[in-house]
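Single-structure report; data block below.
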Amino acid sequence: MNIALELKHITKHFDTTQILRGVDLSIRQGERHALIGPNGAGKSTLFDLIAGRTQPTSGRIALNGVDVTGMRAHRLGRKGLARSFQNTSVFTGLTVRDNVRCAVLGSRVATWKDRWFRSSVIDAEAHRVLAAISLLDRSDALATSLSYAELRALDLGLALAAGASVLLLDEPTAGMNRAEAARALALIRETTQGKTLLIVEHDMEAVFALADRISVLVQGRIIATGTPAEIAAHPVVRAAYLGATP
Ligand SMILES: Nc1ncnc2c1ncn2[C@@H]1O[C@H](COP(=O)(O)OP(=O)(O)O)[C@@H](O)[C@H]1O
Ligand SMILES: [Mg+2]
């Protein structure tokens, strides 16, 4: 089985405080993997490391079998890894369609294949992505005019348009009402088919419905990895995280 993302003995210190205490994690290609755990467990810190925003204190990270430890975010992006739902990747002064067209074009510039510079090809690809994220009817709107939920959908679309095969989503439904969150999760499920997904999400019902496997991070350590059924039945997880009394 091919491994899309592999973490080996990852530690992270901030000054004298140890946040991650030896994280090992293997995520298979095409798998939807959820990372759950209490606030402050180190989930976002781990995402920052995987996405190349910060460096681990020790340990190795491999993407599709290639060691990428220490590689910066823009180079990881070229290798197909995207951390989505950071609104920073949206150009607010451009229309929704032009944002997607830029992402399509940007992902192909490295190959300098002429056919990607034909606008009909770029437009067709942008149309496909806009349809996938349900923003076709907002194509001509400026990105600034989008609602928060629409902006996050666009951000997911930009990662897809850029050709990402491994997506990291950190609390993609944060700040949404229940209806928006349900739509966003449905969108994530549809658009990530065949891709590798690592997601942090607080809605346990959503996590258990979406994930192939779940890992539980508590105080910088993964205390369990398994299928939703295995995690739901795990006595230590139930006691430490799901709030069950033994
Ligand atoms: N840049 C930083 N400097 C110092 N401490 C940090 C920094 N970033 C996060 N932390 C600390 O690391 C711990 C884990 O944070 P975080 O990874 O955001 O947790 P989670 O996403 O699981 O809620 C917290 O105690 C937080 O205060
Ligand atoms: Mg967090």
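Lettering and numbering for the structure tokens are positional, with chains as A, B, ... in the shown order, residues counted from 1 in each chain, and ligands counted from 1 in the shown order.
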
Name the residues in contact with Ala161 (chain A) at a cut-off of 7 Å, using only C-alpha atoms, excluding same-chain residues fewer than 6 positions from it; report them as a list in words.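 Returned residues: Val100, Ala103, Val104 and Val129 of chain A.
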
Distance filter 10 Å around ligand 1, atoms: only C-alpha atoms and all ligand atoms, out as a PyMOL selection string: chain A and resi 12-20+35-48+54+170-171+200+217-220

Apply DSSP to the backbone of this structure and, from region 10-101 of chain A, keep only the residues in helix (DSSP H, G or I); write these as a count of residues only. 23

Using only C-alpha atoms and all ligand atoms, which of A:Val68, A:Ala174, A:Leu142, A:Ala186 sits nearest ligand 2?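 The shortest atom-to-atom distance to ligand 2 comes from A:Ala174.
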
Secondary structure check, strand (DSSP E or B) residues of region 27-114 of chain A, as a PyMOL selection string: chain A and resi 27-28+32-36+58-63+66-67+81-84+95

Selection: 12 Å around Asp155 (chain A), only C-alpha atoms, excl. self and same-chain fewer than 3 positions, as a VMD selection string: chain A and resid 82 to 92 96 99 to 100 103 129 to 130 133 135 143 146 148 to 152 158 to 162 167 169 172 184 188

Between CA of Gly80 (chain A) and CA of Ile223 (chain A) - distance in Å to one decimal: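 Here the two named atoms are 28.6 Å from each other.
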
Spatial neighbours of Arg21 (chain A), 7 Å, only C-alpha atoms, chain gap at least 4 places, as a VMD selection string: chain A and resid 10 to 11 220 to 221

Output of the above residues as a PDB file, in the first residue's frame, restricted to N, CA, C and O atoms:
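Saved to part.pdb:
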ATOM      1  N   ILE A  10       8.211  12.734  15.132  1.00  0.00           N
ATOM      2  CA  ILE A  10       8.226  14.204  15.062  1.00  0.00           C
ATOM      3  C   ILE A  10       8.134  14.807  16.468  1.00  0.00           C
ATOM      4  O   ILE A  10       7.227  14.477  17.234  1.00  0.00           O
ATOM      5  N   THR A  11       9.089  15.684  16.785  1.00  0.00           N
ATOM      6  CA  THR A  11       8.973  16.467  18.010  1.00  0.00           C
ATOM      7  C   THR A  11       9.025  17.942  17.652  1.00  0.00           C
ATOM      8  O   THR A  11       9.574  18.331  16.620  1.00  0.00           O
ATOM      9  N   GLY A 220       0.399  16.098  22.633  1.00  0.00           N
ATOM     10  CA  GLY A 220       1.541  15.931  21.750  1.00  0.00           C
ATOM     11  C   GLY A 220       1.908  14.508  21.399  1.00  0.00           C
ATOM     12  O   GLY A 220       2.954  14.258  20.802  1.00  0.00           O
ATOM     13  N   ARG A 221       1.023  13.564  21.762  1.00  0.00           N
ATOM     14  CA  ARG A 221       1.273  12.147  21.418  1.00  0.00           C
ATOM     15  C   ARG A 221       0.035  11.558  20.773  1.00  0.00           C
ATOM     16  O   ARG A 221      -1.079  11.857  21.198  1.00  0.00           O
TER      17      ARG A 221
END

Taking only C-alpha atoms and all ligand atoms into account, which of A:Ile199, A:Ala181, A:Ala164, A:Ala141 comes nearest ligand 2? A:Ile199

For Ala182 (chain A), list every protein, DNA or RNA residue within 10 Å, evaluated using only C-alpha atoms, and leave out those in the same chain fewer than 6 positions away; present the list as a list of chain:residue names.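 Contacts, in chain order: A:Thr173, A:Met176, A:Ile188, A:Ala206.
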
For the residues selected in the previous step, produce a file with N, CA, C and O atoms as a compact mmCIF listing (two decimals), in the first residue's frame.
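Output saved as selection-v7.txt:
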# COMPACT_ATOMS: atom_id res chain seq x y z
N THR A 173 -14.70 23.92 9.10
CA THR A 173 -16.06 24.45 9.33
C THR A 173 -16.10 25.45 10.47
O THR A 173 -17.18 25.88 10.87
N MET A 176 -18.70 28.56 11.00
CA MET A 176 -19.89 28.37 10.16
C MET A 176 -21.07 27.94 11.03
O MET A 176 -20.88 27.28 12.06
N ILE A 188 -16.47 18.83 0.84
CA ILE A 188 -15.15 18.23 1.09
C ILE A 188 -15.19 16.75 0.71
O ILE A 188 -14.30 16.24 0.04
N ALA A 206 -19.52 14.36 12.23
CA ALA A 206 -18.97 14.57 10.88
C ALA A 206 -17.69 13.77 10.68
O ALA A 206 -17.50 13.13 9.65

Shortest interatomic distance to ligand 2 - which of A:Ala233, A:His202, A:Ala240, A:Cys102, counting only C-alpha atoms and all ligand atoms: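 Counting only C-alpha atoms and all ligand atoms, the residue closest to ligand 2 is A:His202.
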
Find the distance between CA of Gly226 (chain A) and CA of Arg213 (chain A) and write it in Å to one decimal. 5.2 Å

Would you work out the distance separating CA of Met71 (chain A) from CA of Gly52 (chain A), expressed in Å to one decimal?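 Computed distance, CA of Met71 (chain A) to CA of Gly52 (chain A), equals 5.8 Å.
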
Which one is closest to Asp24 (chain A): A:Val216, A:Ala239, A:Ala124, A:Leu187? Count only C-alpha atoms.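 The shortest atom-to-atom distance to Asp24 (chain A) comes from A:Val216.
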
Residues within 9 Å of Ile3 (chain A), please, as an mmCIF file with C-alpha atoms, in the first residue's frame. Count only C-alpha atoms; anything in the same chain fewer than 5 positions from it doesn't count.
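This went into around-v4.cif:
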data_model
loop_
_atom_site.group_PDB
_atom_site.id
_atom_site.type_symbol
_atom_site.label_atom_id
_atom_site.label_comp_id
_atom_site.auth_asym_id
_atom_site.auth_seq_id
_atom_site.Cartn_x
_atom_site.Cartn_y
_atom_site.Cartn_z
ATOM 1 C CA SER A 26 1.286 6.999 8.112
ATOM 2 C CA ILE A 27 -1.461 8.210 5.825
ATOM 3 C CA ARG A 28 -2.250 6.057 2.804
ATOM 4 C CA GLN A 29 -2.776 7.437 -0.673
ATOM 5 C CA ALA A 62 8.024 12.040 3.729
ATOM 6 C CA LEU A 63 5.552 12.924 0.965
ATOM 7 C CA ASN A 64 4.837 10.113 -1.505
ATOM 8 C CA GLY A 65 8.004 8.388 -0.362
#

Check the smallest atom-to-atom distance from each of A:Asp137, A:Thr192, A:Leu105, A:Gly93 to Glu125 (chain A) using only C-alpha atoms, then report the winner.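 The shortest atom-to-atom distance to Glu125 (chain A) comes from A:Leu105.
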